[in-house]
Structure formats: structure tokens, C-alpha cells
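Visitor: Quick one: the structure is below, questions incoming.
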Amino acid sequence: QVQVLESGGGLVQPGGSLRLSCVVSGSGSMVAGMGWYRQAPGKDREFVAGMSAGGMSRYGASVQGRFIMSRDHAKNLVTLQMNDLEPDDTGVYYCYAGSGGRNHWGQGTQVTVSA
């Protein structure tokens with residue numbers, strides 16, 4: 001059974017930084033794309049960042065230039081370095097991982113940006 005586990009959320013002041021991590025376990029096949037979405041209260045889930053199995057990355061327009069995603073393919077691990085955080089970055093951040101022809105999701109980790 002594929003499991004996706006996020007960690008690293010918390011409370012940070014505007015302008016600060018946080019690093020999220022996500023690890024995938026239990027996958028019997030190669031993990032394809034991995035990445036992050038987020039959801040703020042009362043809003044739809046929003047794409048944040050993603051990276052293909054080949055290492056190509058892309059970012060949502062609102063985080064471009066501030067967030068950096070990295071991936072350790074051997075460990076099925078991705079990290080999301082979030083810099084210059086803004087109150088609008090507040091939300092639950094969900095990691096996804098493609099395996100066995102579908103995306104698997106973690107439970108989410110809360111990020112709160114507030115003074």
C-alpha cells in the first residue's frame with residue numbers, strides 16, 4: 001500500500017522560511033511525478049509545485065521565484081523550500097505522488113504565515 005507522508009509545516013512570520021518534506025513508501029512500481037498542492041480556508045486546492053520522474057519542475061505563478069522544489073529519486077523524497085512567505089501562503093499543503101497509474105495523496109501539513 002502506497003503511503004505519502006508530509007512533514008515540516010508550522011507557524012512562521014511574513015518574510016520567513018519553511019521547508020516541507022514528503023516521503024513515499026510502499027510503492028511497488030517507480031514513482032512518477034511528485035509535487036505539492038495547497039488549500040486555504042474557503043478556497044479551491046491550488047497547484048504549488050511539481051517535478052516529473054525525469055526531473056523537470058514547474059511552479060504555480062504565485063510561488064514562482066520564492067519556492068524551490070527538490071527531489072531525491074532514490075529515496076522517493078521531495079522537499080519544498082519556501083522563502084519570503086506571505087500571509088496568502090497560509091493553508092494545508094498536500095503532497096502527491098504518482099504510482100501505479102494514479103496519484104496518491106498525503107494527509108497534509110498546515111502552514112500558517114502570520115505576524
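In the C-alpha cells, chains take the letters A, B, ... in the order shown, each chain's residues start at 1, and ligands count up from 1 in the order shown.
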List as a PDB file with N, CA, C and O atoms, in the first residue's frame the protein and nucleic acid residues near Ser21 of chain A, meaning an atom at most 10 Å away when only C-alpha atoms are counted, but skip any in the same chain fewer than 5 places from it.
Guide:
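For reference, result.pdb as written:
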```
ATOM      1  N   LEU A   5       3.719  10.746   3.132  1.00  0.00           N
ATOM      2  CA  LEU A   5       3.792  11.376   4.449  1.00  0.00           C
ATOM      3  C   LEU A   5       4.513  12.713   4.342  1.00  0.00           C
ATOM      4  O   LEU A   5       5.676  12.766   3.949  1.00  0.00           O
ATOM      5  N   GLU A   6       3.797  13.781   4.733  1.00  0.00           N
ATOM      6  CA  GLU A   6       4.385  15.121   4.728  1.00  0.00           C
ATOM      7  C   GLU A   6       4.863  15.479   6.129  1.00  0.00           C
ATOM      8  O   GLU A   6       4.324  14.992   7.127  1.00  0.00           O
ATOM      9  N   SER A   7       5.818  16.398   6.184  1.00  0.00           N
ATOM     10  CA  SER A   7       6.267  16.940   7.460  1.00  0.00           C
ATOM     11  C   SER A   7       6.836  18.331   7.220  1.00  0.00           C
ATOM     12  O   SER A   7       7.156  18.699   6.083  1.00  0.00           O
ATOM     13  N   GLY A   8       6.967  19.090   8.306  1.00  0.00           N
ATOM     14  CA  GLY A   8       7.664  20.369   8.229  1.00  0.00           C
ATOM     15  C   GLY A   8       6.804  21.607   8.289  1.00  0.00           C
ATOM     16  O   GLY A   8       7.326  22.718   8.236  1.00  0.00           O
ATOM     17  N   GLY A   9       5.498  21.466   8.407  1.00  0.00           N
ATOM     18  CA  GLY A   9       4.663  22.658   8.498  1.00  0.00           C
ATOM     19  C   GLY A   9       4.826  23.358   9.828  1.00  0.00           C
ATOM     20  O   GLY A   9       5.528  22.889  10.723  1.00  0.00           O
ATOM     21  N   MET A  69      11.637  23.409  -5.261  1.00  0.00           N
ATOM     22  CA  MET A  69      11.371  22.003  -5.001  1.00  0.00           C
ATOM     23  C   MET A  69      12.576  21.174  -5.417  1.00  0.00           C
ATOM     24  O   MET A  69      13.183  21.425  -6.458  1.00  0.00           O
ATOM     25  N   SER A  70      12.917  20.206  -4.593  1.00  0.00           N
ATOM     26  CA  SER A  70      13.990  19.284  -4.931  1.00  0.00           C
ATOM     27  C   SER A  70      13.501  17.861  -4.713  1.00  0.00           C
ATOM     28  O   SER A  70      12.522  17.630  -3.998  1.00  0.00           O
ATOM     29  N   ARG A  71      14.202  16.933  -5.334  1.00  0.00           N
ATOM     30  CA  ARG A  71      13.744  15.539  -5.279  1.00  0.00           C
ATOM     31  C   ARG A  71      14.940  14.611  -5.200  1.00  0.00           C
ATOM     32  O   ARG A  71      15.926  14.776  -5.905  1.00  0.00           O
ATOM     33  N   LEU A  77      11.732  10.946  -2.126  1.00  0.00           N
ATOM     34  CA  LEU A  77      11.613  12.062  -1.202  1.00  0.00           C
ATOM     35  C   LEU A  77      11.629  13.369  -1.989  1.00  0.00           C
ATOM     36  O   LEU A  77      12.444  13.536  -2.900  1.00  0.00           O
ATOM     37  N   VAL A  78      10.729  14.256  -1.650  1.00  0.00           N
ATOM     38  CA  VAL A  78      10.776  15.602  -2.193  1.00  0.00           C
ATOM     39  C   VAL A  78      10.740  16.606  -1.049  1.00  0.00           C
ATOM     40  O   VAL A  78      10.177  16.338   0.012  1.00  0.00           O
ATOM     41  N   THR A  79      11.381  17.731  -1.266  1.00  0.00           N
ATOM     42  CA  THR A  79      11.324  18.821  -0.312  1.00  0.00           C
ATOM     43  C   THR A  79      10.846  20.087  -1.025  1.00  0.00           C
ATOM     44  O   THR A  79      11.036  20.235  -2.235  1.00  0.00           O
ATOM     45  N   LEU A  80      10.234  20.949  -0.270  1.00  0.00           N
ATOM     46  CA  LEU A  80       9.763  22.227  -0.789  1.00  0.00           C
ATOM     47  C   LEU A  80      10.316  23.313   0.120  1.00  0.00           C
ATOM     48  O   LEU A  80       9.877  23.451   1.268  1.00  0.00           O
ATOM     49  N   GLN A  81      11.298  24.035  -0.368  1.00  0.00           N
ATOM     50  CA  GLN A  81      11.863  25.162   0.364  1.00  0.00           C
ATOM     51  C   GLN A  81      11.032  26.391   0.054  1.00  0.00           C
ATOM     52  O   GLN A  81      10.959  26.821  -1.106  1.00  0.00           O
ATOM     53  N   CYS A  95       1.018  16.735  -0.334  1.00  0.00           N
ATOM     54  CA  CYS A  95       1.969  16.129  -1.251  1.00  0.00           C
ATOM     55  C   CYS A  95       1.257  15.039  -2.059  1.00  0.00           C
ATOM     56  O   CYS A  95       0.390  14.329  -1.526  1.00  0.00           O
ATOM     57  N   THR A 109      -0.099  19.015   5.635  1.00  0.00           N
ATOM     58  CA  THR A 109       0.579  19.662   6.754  1.00  0.00           C
ATOM     59  C   THR A 109       0.237  21.142   6.733  1.00  0.00           C
ATOM     60  O   THR A 109       0.234  21.773   5.677  1.00  0.00           O
TER      61      THR A 109
END
```
Visitor: For Gly98 of chain A, list every protein, DNA or RNA residue within 7 Å, evaluated using only C-alpha atoms, and leave out those in the same chain fewer than 3 positions away; present the list as a ChimeraX atom specification.
Guide: /A:31-34,101-104
Visitor: Print the selection's residues with C-alpha atoms to a file, as a compact mmCIF listing (two decimals), in the first residue's frame.
Guide:
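Below is the file that was written, result38.txt:
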```
# COMPACT_ATOMS: atom_id res chain seq x y z
CA VAL A 31 7.19 6.73 -8.54
CA ALA A 32 6.39 9.11 -11.36
CA GLY A 33 5.56 12.76 -10.76
CA MET A 34 5.62 14.19 -7.25
CA GLY A 101 -1.29 4.80 -12.68
CA ARG A 102 -2.82 7.11 -10.14
CA ASN A 103 -1.90 9.88 -7.74
CA HIS A 104 -1.62 9.13 -4.06
```
Visitor: Tell me, as a PyMOL selection string, which residues lie within 9 Å of Gln39 of chain A, counting only C-alpha atoms; anything in the same chain fewer than 4 positions away does not count.
Guide: chain A and resi 43-47+90-94
Visitor: Just the residues within 10 Å of Met30 of chain A, please, counting only C-alpha atoms, with nothing from its chain fewer than 2 positions along; format it as a compact mmCIF listing (two decimals) with C-alpha atoms, in the first residue's frame.
Guide:
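Contents of the output file around-v8.txt:
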```
# COMPACT_ATOMS: atom_id res chain seq x y z
CA SER A 27 5.30 1.70 -3.88
CA GLY A 28 5.94 -1.47 -5.86
CA ALA A 32 6.39 9.11 -11.36
CA GLY A 33 5.56 12.76 -10.76
CA ALA A 53 10.31 11.49 -12.84
CA HIS A 73 14.63 9.83 -6.61
CA ASN A 76 11.24 8.81 -3.09
CA GLY A 98 2.15 9.16 -8.96
CA SER A 99 2.41 5.40 -8.72
CA GLY A 100 0.57 2.51 -10.31
```
Visitor: Based on the backbone DSSP call, show me all residues of chain A assigned strand (DSSP E or B), as a PyMOL selection string.
Guide: chain A and resi 3-7+10-12+18-25+34-39+46-51+57-59+67-72+77-82+91-99+102-105+109-113
Visitor: Between A:Ala115, A:Ala97, A:Leu18, A:Leu11, which has the minimum distance to Met82 of chain A (counting only C-alpha atoms)?
Guide: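 Selected residue with least distance to Met82 of chain A: A:Leu18.
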Visitor: Of the candidates A:Gly60, A:Val4, A:Tyr96, A:Pro14, which one gets nearest to Gly35 of chain A if we count only C-alpha atoms?
Guide: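 Counting only C-alpha atoms, the residue closest to Gly35 of chain A is A:Tyr96.
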Visitor: May I ask for the distance between atom CA of Gln64 of chain A and atom CA of Arg38 of chain A, given in Å to one decimal place?
Guide: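 Value for the atom CA of Gln64 of chain A-atom CA of Arg38 of chain A distance: 14.5 Å.
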Visitor: Give me the residues near Arg58 of chain A as number ranges by chain, where near means some atom within 8 Å (using only C-alpha atoms) and where sequence neighbours in that chain fewer than 3 positions away do not count.
Guide: A: 49-51
Visitor: Could you write out, as a list in words, all the residues of chain A that DSSP marks as helix (DSSP H, G or I)?
Guide: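 Residues meeting the helix (DSSP H, G or I) criterion: His73, Ala74, Lys75, Pro87, Asp88 and Asp89 of chain A.
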Visitor: Write the residues of the selection above to a file with C-alpha atoms, as a PDB file, in the first residue's frame.
Guide:
```pdb
ATOM      1  CA  HIS A  73      14.627   9.833  -6.605  1.00  0.00           C
ATOM      2  CA  ALA A  74      16.407   7.035  -4.787  1.00  0.00           C
ATOM      3  CA  LYS A  75      14.596   7.837  -1.544  1.00  0.00           C
ATOM      4  CA  PRO A  87       0.065  35.506   4.626  1.00  0.00           C
ATOM      5  CA  ASP A  88      -1.568  34.288   1.399  1.00  0.00           C
ATOM      6  CA  ASP A  89       0.686  31.224   1.544  1.00  0.00           C
TER       7      ASP A  89
END
```
Visitor: Could you check the closest approach to Arg66 of chain A for each of A:Gly26, A:Gly54, A:Pro41, A:Gly15 and tell me which residue wins, using only C-alpha atoms?
Guide: A:Gly15
Visitor: Hey, which of A:Asn83, A:Gln107, A:Gln3, A:Ser114 ends up closest to Gly16 of chain A? Count only C-alpha atoms.
Guide: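 Looking only at the distances to Gly16 of chain A, the closest residue turns out to be A:Asn83.
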Visitor: I'd like to know which of A:Trp105, A:Tyr37, A:Tyr59, A:Phe67 is closest to Leu85 of chain A, using only C-alpha atoms.
Guide: A:Phe67
Visitor: Atom CA of Val113 of chain A and atom CA of Ser17 of chain A are how many Å apart?
Guide: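 Computing it gives 9.6 Å between the two atoms.
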Visitor: From the options A:Arg19, A:Gly42, A:Val24, A:Thr112, which residue's atoms come nearest to Val2 of chain A, counting only C-alpha atoms?
Guide: A:Val24
